[in-house]
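Below is one structure; the comments refer to it alone.
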2 protein chains.
Amino acid sequence: MRMSTKAQYAVRAMVNLNLYSEGSPVSLRDISLRESISLTYLEQLFVKLRRGQIVKSVRGPGGGYLLARPAKEIQVDEIIDSVEESLVPVACMDQKHGCVCDDHCVTHNVWHGLGEKIRDFLASITLEELTQEARNKFNEAKGKN
Amino acid sequence: MRMSTKAQYAVRAMVNLNLYSEGSPVSLRDISLRESISLTYLEQLFVKLRRGQIVKSVRGPGGGYLLARPAKEIQVDEIIDSVEESLVPVACMDQKHGCVCDDHCVTHNVWHGLGEKIRDFLASITLEELTQEARNKFNEAKGKN
DNA sequence: AGCATACCTGAGTAAAACTGTCAATTATTT
DNA sequence: AAATAATTGACAGTTTTACTCAGGTATGCT
């Protein structure tokens with residue numbers, strides 16, 4: 001039961017973007033350098049984040065990406081949805097025409113309940129909170145030196 | 001973020017075992033037929049379930065598997081642990097010598113918290129409860145005919 | 001004893017998913 | 001025009017998953 005690194009990268013990249021953006025676009029090259037994620041892989045992720053209305057792009061020199069809305073309104077589950085990592089723990093429940101479980105599916109409720117817990121938890125955390133945590137961590141580390 | 005079919009099969013097989021065992025051993029062949037899971041695959045799973053103290057085996061004709069303890073004392077997370085499906089959502093936190101996250105790991109708390117939610121939920125469900133649910137489902141279906 | 005049953009074990013394998021890279025293009029600013 | 005940076009699609013190596021196969025071992029029954 002692993003969260004794909006794709007989803008992990010996406011969340012990290014979004015925190016980093018918000019951390020270093022102060023109204024102006026942040027280039028993927030910068031995020032790539034700071035987070036040690038391959039530039040070309042980041043490009044793939046941000047295409048999806050843009051389609052998911054999490055970020056918007058600014059082309060040309062000085063360009064990069066901006067948040068599409070305030071960090072307070074971006075939830076972690078939305079970031080993960082955007083990069084197409086499913087939060088539903090079993091495949092049969094992940095279709096729009098519903099689960100075709102017959103009598104064999106005595107475990108349906110377990111996975112359904114689990115999926116809800118996962119969703120609720122990740123929806124309860126905003127990008128704003130994560131960024132603030134990151135700032136605190138950074139200041140603590142600074143204080144030690 | 002998918003629960004492996006291995007873990008899904010293990011839970012289903014355990015419910016089925018408990019459903020049809022009344023003190024006497026249940027053969028994997030029977031479970032295989034009822035749940036449409038390959039016999040040889042079930043054998044692999046039950047080796048692990050035995051090592052995890054979830055079931056015990058009885059060899060020879062009329063043999064099969066029995067619960068190692070009362071169904072009330074078997075939690076779903078234990079079944080999943082036994083077949084070696086990790087409930088920790090990120091790899092770096094899944095080692096005994098702890099996570100070597102440095103400053104980059106601003107998302108540590110998210111995944112740690114998520115792992116706890118998953119564990120708590122699955123630990124809150126016992127095999128007894130699942131089996132009772134299955135009995136109810138079966139009786140409802142019967143009532144309709 | 002001999003046979004059937006059923007657990008036990010390890011090796012192997014095809015397909016899918018994951019984790020990226022590469023090459024080329026388009027849009028914008030200076 | 002030249003430089004910057006996003007955008008896109010194809011593709012490839014590696015790992016994991018989900019099994020199968022080919023045996024072996026223990027036990028009970030006739």
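Every chain in the structure tokens has a letter given in the order shown (A, B, ...), and although residue numbers restart at 1 in each chain, ligands are simply numbered from 1 in the order shown.
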
### Query
Hey, what's within 9 Å of range 21-23 of chain D if we count only C-alpha atoms (C1' of nucleotides) and toss same-chain stuff fewer than 2 positions away? As a ChimeraX atom specification, please?
/C:9,11-12

Pick out the residues sitting within 12 Å of DA4 in chain C, and hand them over as an mmCIF file with N, CA and C atoms (P, O5', C5', C4', C3', O3' and C1' of nucleotides), in the first residue's frame; count only C-alpha atoms (C1' of nucleotides), and ignore anything fewer than 2 positions along from it in its own chain.
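Contents of around30.cif, as written:
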data_model
loop_
_atom_site.group_PDB
_atom_site.id
_atom_site.type_symbol
_atom_site.label_atom_id
_atom_site.label_comp_id
_atom_site.auth_asym_id
_atom_site.auth_seq_id
_atom_site.Cartn_x
_atom_site.Cartn_y
_atom_site.Cartn_z
ATOM 1 N N GLY B 60 -2.588 -34.115 6.112
ATOM 2 C CA GLY B 60 -3.218 -35.406 5.819
ATOM 3 C C GLY B 60 -4.665 -35.295 5.404
ATOM 4 N N PRO B 61 -5.251 -36.415 5.024
ATOM 5 C CA PRO B 61 -6.653 -36.431 4.576
ATOM 6 C C PRO B 61 -7.577 -35.866 5.649
ATOM 7 N N GLY B 62 -8.532 -35.073 5.236
ATOM 8 C CA GLY B 62 -9.419 -34.420 6.195
ATOM 9 C C GLY B 62 -8.781 -33.218 6.854
ATOM 10 P P DG C 2 4.348 -51.689 -0.647
ATOM 11 O "O5'" DG C 2 3.066 -50.845 -1.056
ATOM 12 C "C5'" DG C 2 1.809 -51.518 -1.210
ATOM 13 C "C4'" DG C 2 0.710 -50.488 -1.400
ATOM 14 C "C3'" DG C 2 1.096 -49.311 -2.306
ATOM 15 O "O3'" DG C 2 -0.020 -49.045 -3.128
ATOM 16 C "C1'" DG C 2 0.290 -48.490 -0.263
ATOM 17 P P DA C 6 -8.574 -33.342 0.949
ATOM 18 O "O5'" DA C 6 -7.361 -32.395 1.361
ATOM 19 C "C5'" DA C 6 -6.856 -32.479 2.687
ATOM 20 C "C4'" DA C 6 -5.470 -31.880 2.742
ATOM 21 C "C3'" DA C 6 -5.312 -30.537 2.021
ATOM 22 O "O3'" DA C 6 -4.802 -29.607 2.944
ATOM 23 C "C1'" DA C 6 -3.519 -31.959 1.568
ATOM 24 P P DT D 27 2.907 -35.596 10.793
ATOM 25 O "O5'" DT D 27 1.568 -36.276 10.291
ATOM 26 C "C5'" DT D 27 0.502 -35.440 9.865
ATOM 27 C "C4'" DT D 27 -0.587 -36.289 9.248
ATOM 28 C "C3'" DT D 27 -1.005 -37.503 10.070
ATOM 29 O "O3'" DT D 27 -2.294 -37.236 10.579
ATOM 30 C "C1'" DT D 27 -0.905 -37.975 7.733
ATOM 31 P P DG D 28 -3.021 -38.212 11.610
ATOM 32 O "O5'" DG D 28 -4.017 -38.991 10.626
ATOM 33 C "C5'" DG D 28 -4.983 -38.241 9.914
ATOM 34 C "C4'" DG D 28 -5.666 -39.121 8.888
ATOM 35 C "C3'" DG D 28 -6.352 -40.374 9.466
ATOM 36 O "O3'" DG D 28 -7.634 -40.458 8.872
ATOM 37 C "C1'" DG D 28 -4.861 -40.987 7.728
ATOM 38 P P DC D 29 -8.725 -41.476 9.436
ATOM 39 O "O5'" DC D 29 -8.871 -42.448 8.184
ATOM 40 C "C5'" DC D 29 -8.922 -41.883 6.867
ATOM 41 C "C4'" DC D 29 -8.961 -42.986 5.825
ATOM 42 C "C3'" DC D 29 -9.690 -44.257 6.271
ATOM 43 O "O3'" DC D 29 -10.509 -44.704 5.200
ATOM 44 C "C1'" DC D 29 -7.471 -44.774 5.606
ATOM 45 P P DT D 30 -11.576 -45.922 5.440
ATOM 46 O "O5'" DT D 30 -10.934 -47.105 4.600
ATOM 47 C "C5'" DT D 30 -10.589 -46.907 3.231
ATOM 48 C "C4'" DT D 30 -9.805 -48.107 2.699
ATOM 49 C "C3'" DT D 30 -10.380 -49.459 3.126
ATOM 50 O "O3'" DT D 30 -10.455 -50.315 2.000
ATOM 51 C "C1'" DT D 30 -8.067 -49.359 3.654
#

### Task
Pull out every residue of chain B that has at least one atom within 7 Å of chain A, counting only C-alpha atoms, and report them as a PyMOL selection string.
chain B and resi 1-4+12+35+85-90+104+106-107+114+118+121+134

List the neighbours of Val47 in chain A out to 10 Å using only C-alpha atoms (C1' of nucleotides); skip same-chain residues closer than 5 positions along the sequence, and give me the result as a CSV table (one decimal) with C-alpha atoms (C1' of nucleotides), in the first residue's frame.
chain,number,residue,atom,x,y,z
A,42,LEU,CA,8.7,17.7,-13.2
A,52,GLY,CA,-6.1,20.0,-12.5
A,55,VAL,CA,-1.2,25.8,-11.0
A,56,LYS,CA,-1.1,28.2,-14.0
A,57,SER,CA,1.8,28.7,-16.3
A,82,SER,CA,-4.3,15.8,-10.4
A,83,VAL,CA,-1.3,13.6,-11.0
D,6,DA,C1',6.8,25.8,-21.0
D,7,DT,C1',4.7,21.9,-23.8
D,8,DT,C1',4.1,17.4,-25.9

### Task
Give me the residues within 10 Å of DT14 in chain D as number ranges by chain, counting only C-alpha atoms (C1' of nucleotides) and dropping any in the same chain fewer than 2 places off.
C: 18-19; D: 12, 16

### Task
Identify all chain A residues at most 12 Å from chain D by counting only C-alpha atoms (C1' of nucleotides); ligands do not count. Present them as a ChimeraX atom specification.
/A:2,25-30,39-40,42-48,50,56-65

### Task
Enumerate as number ranges by chain the residues belonging to chain C that approach chain A to within 10 Å, with only C-alpha atoms (C1' of nucleotides) taken into account.
C: 18-22, 26-30

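Separating CA of Asp120 in chain B from CA of Glu84 in chain A is a distance of 26.0 Å.
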
### Query
If you run DSSP on this backbone, which residues of chain A come out as strand (DSSP E or B), and could you give them as a list in words?
Val26, Val55, Lys56, Ser57, Val58, Gly64, Tyr65, Leu66, Leu67, Gln75 and Thr126 of chain A

Just write the chosen residues, all heavy atoms, as a tab-separated table (two decimals), in the first residue's frame.
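And here is the file that came out, part-v2.tsv:
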chain	number	residue	atom	x	y	z
A	26	VAL	N	7.67	30.72	-10.64
A	26	VAL	CA	8.85	29.93	-10.28
A	26	VAL	C	9.10	28.94	-11.41
A	26	VAL	O	8.18	28.24	-11.85
A	26	VAL	CB	8.63	29.17	-8.97
A	26	VAL	CG1	9.84	28.33	-8.61
A	26	VAL	CG2	8.30	30.15	-7.84
A	55	VAL	N	-2.17	24.79	-10.65
A	55	VAL	CA	-1.21	25.83	-11.00
A	55	VAL	C	-1.60	26.44	-12.35
A	55	VAL	O	-2.41	25.88	-13.09
A	55	VAL	CB	0.24	25.29	-11.11
A	55	VAL	CG1	0.72	24.75	-9.76
A	55	VAL	CG2	0.34	24.21	-12.19
A	56	LYS	N	-1.00	27.62	-12.64
A	56	LYS	CA	-1.11	28.16	-14.00
A	56	LYS	C	0.28	28.51	-14.48
A	56	LYS	O	1.18	28.77	-13.66
A	56	LYS	CB	-2.06	29.35	-14.05
A	56	LYS	CG	-1.73	30.45	-13.07
A	56	LYS	CD	-2.88	31.48	-13.03
A	56	LYS	CE	-2.60	32.53	-11.97
A	56	LYS	NZ	-3.74	33.43	-11.75
A	57	SER	N	0.47	28.50	-15.79
A	57	SER	CA	1.82	28.66	-16.33
A	57	SER	C	2.01	30.04	-16.93
A	57	SER	O	1.07	30.68	-17.40
A	57	SER	CB	2.10	27.60	-17.38
A	57	SER	OG	1.26	27.78	-18.49
A	58	VAL	N	3.24	30.50	-16.90
A	58	VAL	CA	3.64	31.75	-17.55
A	58	VAL	C	4.83	31.43	-18.43
A	58	VAL	O	5.86	30.97	-17.94
A	58	VAL	CB	4.05	32.82	-16.50
A	58	VAL	CG1	4.47	34.10	-17.20
A	58	VAL	CG2	2.91	33.08	-15.53
A	64	GLY	N	7.32	30.62	-15.65
A	64	GLY	CA	7.33	29.51	-14.70
A	64	GLY	C	5.90	29.19	-14.30
A	64	GLY	O	4.98	29.37	-15.08
A	65	TYR	N	5.73	28.75	-13.05
A	65	TYR	CA	4.39	28.39	-12.60
A	65	TYR	C	3.98	29.20	-11.38
A	65	TYR	O	4.82	29.57	-10.55
A	65	TYR	CB	4.32	26.90	-12.27
A	65	TYR	CG	4.30	26.03	-13.51
A	65	TYR	CD1	5.49	25.53	-14.04
A	65	TYR	CD2	3.10	25.72	-14.14
A	65	TYR	CE1	5.46	24.73	-15.18
A	65	TYR	CE2	3.07	24.92	-15.27
A	65	TYR	CZ	4.26	24.43	-15.79
A	65	TYR	OH	4.23	23.65	-16.90
A	66	LEU	N	2.68	29.44	-11.31
A	66	LEU	CA	2.07	30.12	-10.17
A	66	LEU	C	0.94	29.25	-9.64
A	66	LEU	O	0.39	28.43	-10.38
A	66	LEU	CB	1.44	31.45	-10.63
A	66	LEU	CG	2.38	32.58	-11.02
A	66	LEU	CD1	1.57	33.67	-11.73
A	66	LEU	CD2	3.06	33.14	-9.78
A	67	LEU	N	0.57	29.43	-8.40
A	67	LEU	CA	-0.62	28.75	-7.88
A	67	LEU	C	-1.85	29.28	-8.62
A	67	LEU	O	-1.94	30.48	-8.89
A	67	LEU	CB	-0.79	29.03	-6.39
A	67	LEU	CG	0.30	28.52	-5.45
A	67	LEU	CD1	-0.14	28.70	-4.00
A	67	LEU	CD2	0.63	27.06	-5.72
A	75	GLN	N	-6.00	21.58	-1.34
A	75	GLN	CA	-5.88	20.45	-0.42
A	75	GLN	C	-4.96	19.39	-1.01
A	75	GLN	O	-4.88	19.23	-2.23
A	75	GLN	CB	-7.26	19.83	-0.16
A	75	GLN	CG	-8.25	20.84	0.41
A	75	GLN	CD	-9.68	20.37	0.30
A	75	GLN	OE1	-9.97	19.35	-0.32
A	75	GLN	NE2	-10.58	21.11	0.91
A	126	THR	N	-4.06	21.44	3.99
A	126	THR	CA	-3.93	22.39	2.88
A	126	THR	C	-2.46	22.66	2.58
A	126	THR	O	-1.59	22.43	3.41
A	126	THR	CB	-4.62	23.73	3.19
A	126	THR	OG1	-3.89	24.38	4.25
A	126	THR	CG2	-6.06	23.53	3.62

### Task
Within range 27-81 of chain B, find each residue whose DSSP state, derived from the backbone, is helix (DSSP H, G or I), and express the selection as a ChimeraX atom specification.
/B:28-35,39-51,71-73,76-81

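CA of Ile37 in chain B is positioned 10.1 Å from CA of Ala10 in chain B.
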